[in-house]
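File shown here: my_file28.pdb, holding PDB, C-alpha atoms.
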ATOM      1  CA  MET L   1       4.478  14.449   8.099
ATOM      2  CA  THR L   2       7.951  15.776   7.429
ATOM      3  CA  GLU L   3       9.070  17.026   4.038
ATOM      4  CA  LEU L   4      11.376  14.022   3.702
ATOM      5  CA  SER L   5       8.630  11.474   4.400
ATOM      6  CA  ALA L   6       6.274  13.353   2.067
ATOM      7  CA  ALA L   7       8.933  13.178  -0.659
ATOM      8  CA  ARG L   8       9.408   9.431  -0.080
ATOM      9  CA  GLN L   9       5.649   8.876  -0.259
ATOM     10  CA  HIS L  10       5.405  10.876  -3.486
ATOM     11  CA  ASN L  11       8.283   8.946  -5.066
ATOM     12  CA  ALA L  12       6.725   5.610  -4.128
ATOM     13  CA  ASP L  13       3.506   6.648  -5.872
ATOM     14  CA  ASP L  14       5.471   7.333  -9.075
ATOM     15  CA  ASN L  15       6.650   3.720  -9.448
ATOM     16  CA  TRP L  16       4.488   0.937 -10.862
ATOM     17  CA  LEU L  17       4.787  -2.512  -9.260
ATOM     18  CA  ASP L  18       3.681  -5.813 -10.768
ATOM     19  CA  ALA L  19       2.125  -8.264  -8.316
ATOM     20  CA  GLU L  20      -0.141 -11.258  -7.883
ATOM     21  CA  VAL L  21      -3.236 -11.157  -5.683
ATOM     22  CA  CYS L  22      -3.178 -13.930  -3.114
ATOM     23  CA  TYR L  23      -5.624 -15.067  -0.434
ATOM     24  CA  ILE L  24      -4.013 -15.765   2.935
ATOM     25  CA  GLU L  25      -5.959 -18.088   5.251
ATOM     26  CA  LEU L  26      -4.812 -16.543   8.555
ATOM     27  CA  GLU L  27      -6.789 -14.488  11.086
ATOM     28  CA  GLY L  28     -10.077 -15.182   9.281
ATOM     29  CA  GLY L  29      -8.580 -14.743   5.796
ATOM     30  CA  PHE L  30      -7.476 -11.670   3.869
ATOM     31  CA  PHE L  31      -6.025 -10.625   0.520
ATOM     32  CA  GLY L  32      -2.378  -9.770   0.010
ATOM     33  CA  LEU L  33      -0.186  -8.723  -2.880
ATOM     34  CA  LEU L  34       3.028 -10.583  -3.694
ATOM     35  CA  THR L  35       5.254  -8.447  -5.922
ATOM     36  CA  ASN L  36       7.442  -9.888  -8.667
ATOM     37  CA  ASP L  37      10.511  -9.239  -6.510
ATOM     38  CA  GLY L  38       9.028 -11.229  -3.591
ATOM     39  CA  LYS L  39       7.818  -8.358  -1.413
ATOM     40  CA  ARG L  40       4.615  -8.938   0.588
ATOM     41  CA  LEU L  41       2.194  -6.006   0.596
ATOM     42  CA  LEU L  42      -0.940  -5.887   2.750
ATOM     43  CA  PRO L  43      -3.351  -3.629   0.827
ATOM     44  CA  LEU L  44      -5.398  -1.420   3.116
ATOM     45  CA  ASN L  45      -7.865  -0.369   0.407
ATOM     46  CA  LEU L  46      -8.048  -3.179  -2.168
ATOM     47  CA  PRO L  47     -11.281  -2.753  -4.184
ATOM     48  CA  LYS L  48     -13.578  -5.821  -4.170
ATOM     49  CA  ALA L  49     -13.252  -6.111  -7.953
ATOM     50  CA  PHE L  50      -9.563  -6.976  -7.444
ATOM     51  CA  CYS L  51     -10.100  -9.631  -4.736
ATOM     52  CA  LYS L  52      -9.352 -12.484  -7.132
ATOM     53  CA  PRO L  53      -6.638 -14.943  -6.033
ATOM     54  CA  GLY L  54      -4.064 -15.450  -8.774
ATOM     55  CA  ALA L  55      -4.939 -12.230 -10.620
ATOM     56  CA  LYS L  56      -1.936 -10.371 -12.022
ATOM     57  CA  VAL L  57      -2.054  -6.654 -11.276
ATOM     58  CA  LYS L  58      -0.059  -3.509 -11.806
ATOM     59  CA  LEU L  59      -0.213  -1.015  -8.931
ATOM     60  CA  ARG L  60       0.987   2.244  -7.434
ATOM     61  CA  GLY L  61       0.881   3.407  -3.849
ATOM     62  CA  HIS L  62       2.940   3.800  -0.729
ATOM     63  CA  GLU L  63       3.858   1.829   2.372
ATOM     64  CA  GLN L  64       2.162   2.768   5.646
ATOM     65  CA  ARG L  65       4.740   1.588   8.195
ATOM     66  CA  GLU L  66       3.198   3.567  11.077
ATOM     67  CA  ILE L  67       0.085   1.330  11.030
ATOM     68  CA  MET L  68      -0.257  -1.896  13.031
ATOM     69  CA  THR L  69      -2.469  -4.725  11.772
ATOM     70  CA  ILE L  70      -3.646  -8.056  13.170
ATOM     71  CA  GLN L  71      -2.677  -9.954  10.014
ATOM     72  CA  GLN L  72       1.078 -10.118  10.780
ATOM     73  CA  TRP L  73       1.742 -10.604   7.077
ATOM     74  CA  GLY L  74       3.283  -8.097   4.713
ATOM     75  CA  THR L  75       3.829  -4.366   4.864
ATOM     76  CA  PRO L  76       0.653  -2.268   5.126
ATOM     77  CA  PHE L  77       0.203  -0.561   1.758
ATOM     78  CA  HIS L  78      -2.143   2.207   0.582
ATOM     79  CA  LEU L  79      -3.059   1.805  -3.102
ATOM     80  CA  THR L  80      -3.411   4.897  -5.260
ATOM     81  CA  GLN L  81      -3.912   3.026  -8.565
ATOM     82  CA  ILE L  82      -4.400  -0.581  -9.579
ATOM     83  CA  GLU L  83      -5.012  -2.333 -12.912
ATOM     84  CA  PHE L  84      -5.621  -5.922 -13.975
ATOM     85  CA  ILE L  85      -3.049  -7.272 -16.396
ATOM     86  CA  ASP L  86      -4.285  -9.937 -18.813
ATOM     87  CA  PRO L  87      -1.389 -11.080 -21.018
ATOM     88  CA  GLU L  88      -3.621 -13.342 -23.151
ATOM     89  CA  SER L  89      -5.897 -10.599 -24.445
ATOM     90  CA  ASN L  90      -3.607  -7.607 -23.775
ATOM     91  CA  SER L  91      -6.527  -5.903 -22.028
ATOM     92  CA  LYS L  92      -6.372  -3.881 -18.821
ATOM     93  CA  LEU L  93      -9.158  -2.775 -16.505
ATOM     94  CA  HIS L  94      -8.088   0.598 -15.113
ATOM     95  CA  ASN L  95      -9.291   1.565 -11.667
ATOM     96  CA  PRO L  96      -7.577   4.613 -10.137
ATOM     97  CA  LEU L  97      -8.275   4.920  -6.446
ATOM     98  CA  ILE L  98      -9.224   8.231  -4.933
TER      99      ILE L  98
END
Whole structure, structure tokens version:
Amino acid sequence: MTELSAARQHNADDNWLDAEVCYIELEGGFFGLLTNDGKRLLPLNLPKAFCKPGAKVKLRGHEQREIMTIQQWGTPFHLTQIEFIDPESNSKLHNPLI
């Protein structure tokens, strides 16, 4: 990894994204993340607790463009942190990924 790509990866981890968990019924079915700005992210390490279609989440991580997948949907994405967002009760379940 070059210094430039390491810097880009680090900067991506610093930004929080808001997204909705969605279930895509292609290639046997898988979970994706649709960000508020319309970007499709294919999470490579989505914890089972967050595999809930329609769930609103807040996440950090970085794109993994050098990886090929069979899903042909979204940009492969490695999560470093993810949280549920529940606007009704103002509660959040925090789950940092290691």
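Atom CA of L:Leu33 lies 16.4 Å from atom CA of L:Ile70.
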What is the atom CA of L:Ala55-atom CA of L:Gly28 distance in Å, reported with one decimal?
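Taking atom CA of L:Ala55 as the start and atom CA of L:Gly28 as the end point, the length is 20.8 Å.
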What's the 8 Å shell around stretch 38-40 of chain L, counting all atoms listed in the file, without same-chain residues fewer than 6 positions away, as a PyMOL selection string?
chain L and resi 32+73-75
Find the residues with any atom within 10 Å of (-1.3, 2.6, -1.0); use only C-alpha atoms and the coordinates as given in the file, and write the answer as a list in words.
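Residues satisfying the cut-off, written out: Gln9, Ala12, Asp13, Leu41, Leu42, Pro43, Leu44, Asn45, Leu46, Leu59, Arg60, Gly61, His62, Glu63, Gln64, Pro76, Phe77, His78, Leu79, Thr80, Gln81, Ile82 and Leu97 of chain L.
For the pair atom CA of L:Glu66 and atom CA of L:Glu25, the separation is 24.2 Å.
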Using all atoms listed in the file, which residue out of L:Asp14, L:Cys22, L:Phe31, L:Glu83 lies closest to L:Lys58?
L:Glu83
For this structure, which residues satisfy the selection - the PyMOL selection byres ((chain L and resi 18) around 6) - when it is evaluated on the file as given? I want them as JSON, numbers by chain.
{"L": [17, 19, 35, 36, 57, 58]}
